[in-house]
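Take a look at the structure set out below.
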Amino acid sequence: MKYDFDSYFFYETIPRASLNIKMKVNLTEHVDGKVLKDSATKAFHRFPYYRRIMRFDETGAHILEPSEEELVVKEEGAERIVLGSEETNHLFFCITWTGSSIYFHAPHSICGGCGMMVWVQATLWQYLTDLYQTEISSEGILTPLTPFSQSETAIPELSKAPADEGELVNDFGNAYMPMDDYEKYFKDPFKDVVFIPIILEQDEVIGHARANHASPNSLFSAIMFKTLGRVFRDRDVSFISSRIVANYRADVGCPDTYRDLVRMLRVKYTPDMLSWSIGKLSAMTREKMFLQLRPELSWLELKRLMAYRAEIDEVHSHEGKMQYAFDHSLIKNAPWDTYTISYVGNLPWGGLADYVESLFFITDGHFIQEITAVPGKFCFSFQQVVKDDKYLKAFLQILDEENLHYEVGNMEEKNLAGIHLGE
């Protein structure tokens, strides 16, 4: 890998998809746009690894360079923002706001949920401190005053990989996919792409999971299987599979890095399992996850990633690199899974907890269910590429059956940002 670690996923950018991510933070009071702009600008200077712009070198490779341009902070509008363009001062990060909500926009090429969350929390801390002219508790969170640590930018070293790489145990082919939904999506990938915000009580979810020797990830995976199994009950479905996102930063010696180091755990469900209880399904799911969580498998995934990037380096034009990345993408060429469960984790919130009502993580794709946690709540982004409430109704029906209380919001357009690469 010859170039910046963060530069490679950009090669998989295509016009008909958004590889960007968005966090919607709902506060207890309306946002003061002027204070937010000043505070967010201050906070962003804490993150030099995010304050970069892109150019191409003579081989067409992506070069990320430091920038002193200001972070763009503006009111949310109907038009899609384009990260990396003049609109965002060529930066790949920006913030919008409306009412009591703040939207954080970032490229998945540079960071994922964990890396993005430190920027979000630091910005919120600065904003609330400036707004109320009082020091908000920073216990457990990073703020703009936190000294920079080299561990934040750590890159795993393949030389430290164990000799025994292990063996993958999840290669069972392509699962059932609702192609009728995808056909509409492929015709216009930015129309009818929505999410529904759902808030669940944290104690109830954790209590349910513990009672069944499960985890939030395995519980939500089991619920989604039941949800889709009911909706697809009259279809010819051989099996449904879950893709559960596993963060492997710690496995490869970089527990604090902002970089998005994740791999997918796969769990297979067959139609006969629809008669199982949620408890039995979630326990089975956790067992299957456990078998795939061995650290040596994380090193195996990293080796695959590095080998793929080394091949991109051997192509000496930007167009060629983009084509190679599209044809050989580890994501695009992975087996199909019916849905995805992605849980950022239960992070500390310090004094921010008194001001944050909820936080929803928004990404591209069908049934990519993003889950975050704020004190006392799980915030579930029920994401789909069709404006149809049949999936939501089935999901809520199962929550009712499991006595898991919830609040459900209105269906919202994702309105994910576009992206413009360098010149």
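Following the order of the structure tokens, chains are lettered A, B, ..., residues in each are numbered from 1, and ligands are numbered from 1.
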What are the closest atom pairs, with distances in Å to one decimal, for each residue of segment 113-184 of chain A lying within 12 Å of segment 224-230 of chain A, using only C-alpha atoms, rows by chain and rising residue number, as a tab-separated table?
```
residue	atom	partner	partner_atom	distance
A:Tyr176	CA	A:Leu228	CA	10.4
A:Met177	CA	A:Leu228	CA	10.4
A:Pro178	CA	A:Leu228	CA	9.8
```
Within 10 Å of segment 237-249 of chain A: each segment 110-200 of chain A residue with its shortest pair, only C-alpha atoms, as a Markdown table:
```
| residue | atom | partner | partner_atom | distance |
| --- | --- | --- | --- | --- |
| A:Gly112 | CA | A:Asn247 | CA | 9.8 |
| A:Gly113 | CA | A:Asn247 | CA | 9.9 |
| A:Cys114 | CA | A:Asn247 | CA | 8.9 |
| A:Ala154 | CA | A:Arg249 | CA | 9.6 |
| A:Ile155 | CA | A:Arg249 | CA | 9.3 |
| A:Pro156 | CA | A:Arg249 | CA | 8.3 |
| A:Phe172 | CA | A:Ser241 | CA | 9.5 |
| A:Gly173 | CA | A:Ser241 | CA | 9.7 |
| A:Asn174 | CA | A:Ser241 | CA | 8.4 |
| A:Ala175 | CA | A:Ile240 | CA | 5.3 |
| A:Tyr176 | CA | A:Ile240 | CA | 5.5 |
| A:Met177 | CA | A:Ile240 | CA | 8.1 |
| A:Pro178 | CA | A:Val237 | CA | 9.8 |
```
Include C-alpha atoms and write out the residues we just selected as a CSV table (one decimal), in the first residue's frame.
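Generated output (again.csv):
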```csv
chain,number,residue,atom,x,y,z
A,112,GLY,CA,-17.0,4.9,10.2
A,113,GLY,CA,-19.3,5.2,13.2
A,114,CYS,CA,-16.7,5.0,15.9
A,154,ALA,CA,-2.7,4.3,14.3
A,155,ILE,CA,-2.5,2.0,11.3
A,156,PRO,CA,-2.2,-1.8,11.8
A,172,PHE,CA,-22.6,-20.4,2.6
A,173,GLY,CA,-23.3,-18.4,-0.5
A,174,ASN,CA,-25.9,-15.8,-1.4
A,175,ALA,CA,-29.0,-15.3,0.7
A,176,TYR,CA,-32.4,-14.4,-0.4
A,177,MET,CA,-32.8,-10.8,-1.6
A,178,PRO,CA,-36.1,-8.9,-2.4
```
- Task: Pick out each residue of segment 217-352 of chain A that DSSP on the backbone tags as alpha helix (DSSP H); I need them as an MDAnalysis selection string.
- Result: chainID A and resid 217:231 278:291 295:313 318:328
- Query: Using only C-alpha atoms, which of A:Ser221, A:Ser215, A:Ser101, A:Ala325 sits nearest Thr28 of chain A?
  - Reply: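 Closest to Thr28 of chain A, using only C-alpha atoms: A:Ser101.
Here atom CA of Arg235 of chain A and atom CA of Gln369 of chain A stand 22.5 Å from one another.
Within the 10 Å cut-off around Ser137 of chain A, using only C-alpha atoms and omitting residues fewer than 4 positions from it on the same chain, the listed residues are Trp125, Thr129, Ile141, Trp349, Gly350, Gly351, Leu352 and Ala353 of chain A.
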- Query: So which residues touch Tyr8 of chain A within 9 Å, counting only C-alpha atoms, skipping near sequence neighbours fewer than 2 positions away, as a list in words?
  - Reply: Tyr3, Asp4, Phe5, Asp6, Phe10, Tyr11, Glu12, Ala61, His62, Ser109, Arg309, Ile312 and Ala325 of chain A
With N, CA and C atoms retained, write the just-selected residues as a PDB file, in the first residue's frame.
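Now in result-v6.pdb:
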```
ATOM      1  N   TYR A   3      -0.021   4.518  -0.664  1.00  0.00           N
ATOM      2  CA  TYR A   3      -0.627   5.824  -0.400  1.00  0.00           C
ATOM      3  C   TYR A   3      -1.369   5.842   0.936  1.00  0.00           C
ATOM      4  N   ASP A   4      -1.946   6.982   1.230  1.00  0.00           N
ATOM      5  CA  ASP A   4      -2.647   7.192   2.486  1.00  0.00           C
ATOM      6  C   ASP A   4      -3.721   6.114   2.695  1.00  0.00           C
ATOM      7  N   PHE A   5      -3.757   5.560   3.883  1.00  0.00           N
ATOM      8  CA  PHE A   5      -4.696   4.497   4.215  1.00  0.00           C
ATOM      9  C   PHE A   5      -6.140   4.896   3.897  1.00  0.00           C
ATOM     10  N   ASP A   6      -6.454   6.175   4.098  1.00  0.00           N
ATOM     11  CA  ASP A   6      -7.832   6.653   3.942  1.00  0.00           C
ATOM     12  C   ASP A   6      -8.232   6.919   2.493  1.00  0.00           C
ATOM     13  N   PHE A  10     -12.205   5.653  -1.589  1.00  0.00           N
ATOM     14  CA  PHE A  10     -12.725   6.644  -2.526  1.00  0.00           C
ATOM     15  C   PHE A  10     -12.763   6.104  -3.961  1.00  0.00           C
ATOM     16  N   TYR A  11     -11.891   5.151  -4.294  1.00  0.00           N
ATOM     17  CA  TYR A  11     -11.875   4.603  -5.649  1.00  0.00           C
ATOM     18  C   TYR A  11     -13.169   3.860  -5.978  1.00  0.00           C
ATOM     19  N   GLU A  12     -13.902   3.455  -4.958  1.00  0.00           N
ATOM     20  CA  GLU A  12     -15.153   2.723  -5.195  1.00  0.00           C
ATOM     21  C   GLU A  12     -16.349   3.660  -5.351  1.00  0.00           C
ATOM     22  N   ALA A  61      -3.375   8.554  -8.627  1.00  0.00           N
ATOM     23  CA  ALA A  61      -3.628   8.151  -7.241  1.00  0.00           C
ATOM     24  C   ALA A  61      -4.199   9.312  -6.424  1.00  0.00           C
ATOM     25  N   HIS A  62      -5.006   8.972  -5.432  1.00  0.00           N
ATOM     26  CA  HIS A  62      -5.585   9.975  -4.535  1.00  0.00           C
ATOM     27  C   HIS A  62      -4.553  10.419  -3.508  1.00  0.00           C
ATOM     28  N   SER A 109     -15.228   6.664   3.390  1.00  0.00           N
ATOM     29  CA  SER A 109     -13.864   6.344   2.964  1.00  0.00           C
ATOM     30  C   SER A 109     -12.844   6.645   4.060  1.00  0.00           C
ATOM     31  N   ARG A 309      -5.613  -3.410  -2.097  1.00  0.00           N
ATOM     32  CA  ARG A 309      -5.105  -2.043  -2.281  1.00  0.00           C
ATOM     33  C   ARG A 309      -3.772  -2.035  -3.017  1.00  0.00           C
ATOM     34  N   ILE A 312      -4.484  -2.045  -6.651  1.00  0.00           N
ATOM     35  CA  ILE A 312      -4.893  -0.724  -7.132  1.00  0.00           C
ATOM     36  C   ILE A 312      -3.663   0.125  -7.420  1.00  0.00           C
ATOM     37  N   ALA A 325     -11.112  -0.922  -8.892  1.00  0.00           N
ATOM     38  CA  ALA A 325     -11.762  -0.958  -7.589  1.00  0.00           C
ATOM     39  C   ALA A 325     -13.220  -1.390  -7.721  1.00  0.00           C
TER      40      ALA A 325
END
```
- Message: One decimal, in Å: what's the spacing between atom CA of Phe380 of chain A and atom CA of Val120 of chain A?
- Response: 17.8 Å
- May I have the residues within 9 Å of Glu75 of chain A as a list in words, using only C-alpha atoms and disregarding those fewer than 4 positions away in the same chain? Gly33, Ile95, Thr96, Trp97 and Thr98 of chain A
Create the file for the chosen residues now, containing N, CA and C atoms and written as a compact mmCIF listing (two decimals), in the first residue's frame.
```
# COMPACT_ATOMS: atom_id res chain seq x y z
N GLY A 33 -27.84 28.63 15.31
CA GLY A 33 -26.96 28.42 14.16
C GLY A 33 -25.65 29.18 14.25
N ILE A 95 -21.39 20.23 8.37
CA ILE A 95 -22.49 20.15 9.33
C ILE A 95 -23.66 20.98 8.82
N THR A 96 -24.86 20.44 8.96
CA THR A 96 -26.07 21.21 8.68
C THR A 96 -26.98 21.11 9.91
N TRP A 97 -27.97 21.98 9.96
CA TRP A 97 -28.87 21.96 11.12
C TRP A 97 -30.25 22.49 10.72
N THR A 98 -31.23 22.10 11.47
CA THR A 98 -32.59 22.62 11.33
C THR A 98 -33.35 22.32 12.62
```
- Have a look at A:Trp299, A:Tyr339, A:Phe395, A:Phe367 and name the one nearest to Ala161 of chain A; count only C-alpha atoms.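 Distance minimum relative to Ala161 of chain A lands on A:Trp299.
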- Write out as a VMD selection string all residues of segment 188-279 of chain A that DSSP puts in strand (DSSP E or B) for this structure's backbone. chain A and resid 194 to 201 240 to 247 262 to 269
- Give me the residues within 12 Å of Lys74 of chain A as a PyMOL selection string, counting only C-alpha atoms and dropping any in the same chain fewer than 5 places off. chain A and resi 31-38+40-41+81+87-88+94-98+102-105
Include N, CA and C atoms and write out the residues we just selected as a PDB file, in the first residue's frame.
```pdb
ATOM      1  N   VAL A  31     -31.552  24.656  17.852  1.00  0.00           N
ATOM      2  CA  VAL A  31     -30.142  24.958  17.596  1.00  0.00           C
ATOM      3  C   VAL A  31     -29.967  26.455  17.340  1.00  0.00           C
ATOM      4  N   ASP A  32     -28.939  27.036  17.933  1.00  0.00           N
ATOM      5  CA  ASP A  32     -28.525  28.410  17.634  1.00  0.00           C
ATOM      6  C   ASP A  32     -27.466  28.309  16.544  1.00  0.00           C
ATOM      7  N   GLY A  33     -27.839  28.626  15.308  1.00  0.00           N
ATOM      8  CA  GLY A  33     -26.956  28.420  14.162  1.00  0.00           C
ATOM      9  C   GLY A  33     -25.650  29.177  14.255  1.00  0.00           C
ATOM     10  N   LYS A  34     -25.695  30.415  14.771  1.00  0.00           N
ATOM     11  CA  LYS A  34     -24.471  31.224  14.860  1.00  0.00           C
ATOM     12  C   LYS A  34     -23.484  30.621  15.860  1.00  0.00           C
ATOM     13  N   VAL A  35     -23.994  30.235  17.022  1.00  0.00           N
ATOM     14  CA  VAL A  35     -23.117  29.619  18.023  1.00  0.00           C
ATOM     15  C   VAL A  35     -22.566  28.300  17.502  1.00  0.00           C
ATOM     16  N   LEU A  36     -23.417  27.525  16.848  1.00  0.00           N
ATOM     17  CA  LEU A  36     -22.968  26.240  16.317  1.00  0.00           C
ATOM     18  C   LEU A  36     -21.842  26.428  15.311  1.00  0.00           C
ATOM     19  N   LYS A  37     -21.960  27.399  14.432  1.00  0.00           N
ATOM     20  CA  LYS A  37     -20.918  27.624  13.420  1.00  0.00           C
ATOM     21  C   LYS A  37     -19.574  27.930  14.080  1.00  0.00           C
ATOM     22  N   ASP A  38     -19.584  28.834  15.057  1.00  0.00           N
ATOM     23  CA  ASP A  38     -18.334  29.194  15.742  1.00  0.00           C
ATOM     24  C   ASP A  38     -17.767  28.001  16.512  1.00  0.00           C
ATOM     25  N   ALA A  40     -18.406  24.712  16.110  1.00  0.00           N
ATOM     26  CA  ALA A  40     -18.005  23.598  15.243  1.00  0.00           C
ATOM     27  C   ALA A  40     -16.682  23.878  14.553  1.00  0.00           C
ATOM     28  N   THR A  41     -16.457  25.144  14.198  1.00  0.00           N
ATOM     29  CA  THR A  41     -15.185  25.529  13.577  1.00  0.00           C
ATOM     30  C   THR A  41     -14.036  25.292  14.545  1.00  0.00           C
ATOM     31  N   ILE A  81     -26.104  17.929  -0.382  1.00  0.00           N
ATOM     32  CA  ILE A  81     -24.769  18.501  -0.230  1.00  0.00           C
ATOM     33  C   ILE A  81     -23.782  17.619  -0.988  1.00  0.00           C
ATOM     34  N   GLU A  87     -18.730  23.751  -2.445  1.00  0.00           N
ATOM     35  CA  GLU A  87     -19.791  23.962  -1.460  1.00  0.00           C
ATOM     36  C   GLU A  87     -19.310  23.685  -0.036  1.00  0.00           C
ATOM     37  N   THR A  88     -18.375  22.735   0.121  1.00  0.00           N
ATOM     38  CA  THR A  88     -17.863  22.386   1.452  1.00  0.00           C
ATOM     39  C   THR A  88     -16.388  22.789   1.602  1.00  0.00           C
ATOM     40  N   CYS A  94     -18.866  18.158   6.760  1.00  0.00           N
ATOM     41  CA  CYS A  94     -19.611  19.396   6.961  1.00  0.00           C
ATOM     42  C   CYS A  94     -20.758  19.145   7.934  1.00  0.00           C
ATOM     43  N   ILE A  95     -21.394  20.232   8.367  1.00  0.00           N
ATOM     44  CA  ILE A  95     -22.494  20.154   9.332  1.00  0.00           C
ATOM     45  C   ILE A  95     -23.656  20.983   8.820  1.00  0.00           C
ATOM     46  N   THR A  96     -24.862  20.445   8.959  1.00  0.00           N
ATOM     47  CA  THR A  96     -26.073  21.211   8.682  1.00  0.00           C
ATOM     48  C   THR A  96     -26.979  21.113   9.905  1.00  0.00           C
ATOM     49  N   TRP A  97     -27.967  21.976   9.963  1.00  0.00           N
ATOM     50  CA  TRP A  97     -28.868  21.964  11.116  1.00  0.00           C
ATOM     51  C   TRP A  97     -30.247  22.486  10.716  1.00  0.00           C
ATOM     52  N   THR A  98     -31.231  22.098  11.473  1.00  0.00           N
ATOM     53  CA  THR A  98     -32.586  22.625  11.334  1.00  0.00           C
ATOM     54  C   THR A  98     -33.345  22.323  12.620  1.00  0.00           C
ATOM     55  N   ILE A 102     -29.073  18.533  14.576  1.00  0.00           N
ATOM     56  CA  ILE A 102     -27.795  18.803  13.920  1.00  0.00           C
ATOM     57  C   ILE A 102     -27.421  17.566  13.107  1.00  0.00           C
ATOM     58  N   TYR A 103     -27.020  17.784  11.850  1.00  0.00           N
ATOM     59  CA  TYR A 103     -26.624  16.689  10.961  1.00  0.00           C
ATOM     60  C   TYR A 103     -25.115  16.780  10.703  1.00  0.00           C
ATOM     61  N   PHE A 104     -24.427  15.686  10.972  1.00  0.00           N
ATOM     62  CA  PHE A 104     -22.992  15.592  10.714  1.00  0.00           C
ATOM     63  C   PHE A 104     -22.798  14.719   9.471  1.00  0.00           C
ATOM     64  N   HIS A 105     -22.091  15.257   8.472  1.00  0.00           N
ATOM     65  CA  HIS A 105     -21.871  14.554   7.204  1.00  0.00           C
ATOM     66  C   HIS A 105     -20.389  14.189   7.076  1.00  0.00           C
TER      67      HIS A 105
END
```
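A straight line drawn from atom CA of Asp256 of chain A to atom CA of Gly345 of chain A is 13.9 Å long.
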- Between A:Asp400, A:Glu370, A:Asp389, A:Glu311, which has the minimum distance to Met23 of chain A (counting only C-alpha atoms)?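 That would be A:Glu370, the residue with the smallest distance to Met23 of chain A.
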Do you know which residues are at most 8 Å from Lys414 of chain A counting only C-alpha atoms, after dropping those on the same chain fewer than 6 positions away, and could you put them as a CSV table (one decimal) with N, CA and C atoms, in the first residue's frame?
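Contents of part00.csv, as written:
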```
chain,number,residue,atom,x,y,z
A,193,VAL,N,-35.6,6.7,-0.8
A,193,VAL,CA,-34.6,6.1,0.1
A,193,VAL,C,-34.8,6.7,1.4
A,194,VAL,N,-35.3,5.9,2.4
A,194,VAL,CA,-35.8,6.5,3.7
A,194,VAL,C,-35.2,5.7,4.9
A,195,PHE,N,-35.5,6.3,6.0
A,195,PHE,CA,-35.2,5.7,7.3
A,195,PHE,C,-36.3,6.1,8.3
A,362,ILE,N,-27.2,7.3,9.7
A,362,ILE,CA,-27.8,7.1,8.5
A,362,ILE,C,-26.8,6.7,7.4
A,363,THR,N,-27.1,5.6,6.7
A,363,THR,CA,-26.2,5.2,5.6
A,363,THR,C,-27.0,4.7,4.4
```
- Item | Nearest-residue call for Gln150 of chain A, choices A:Arg80, A:Ala250, A:Asp57, A:Pro48, using only C-alpha atoms |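 Residue with the minimum atom-to-atom distance to Gln150 of chain A: A:Pro48.
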- With only C-alpha atoms as the basis for distance, which of A:Met264, A:Ala78, A:Ile53, A:Val374 is at the shortest distance from Pro66 of chain A? A:Ile53
- Query: With only C-alpha atoms as the basis for distance, which of A:Ala163, A:Leu27, A:Met54, A:Ala43 is at the shortest distance from Gln126 of chain A?
  - Reply: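 Checking each of A:Ala163, A:Leu27, A:Met54, A:Ala43 against Gln126 of chain A, counting only C-alpha atoms, the winner is A:Ala43.
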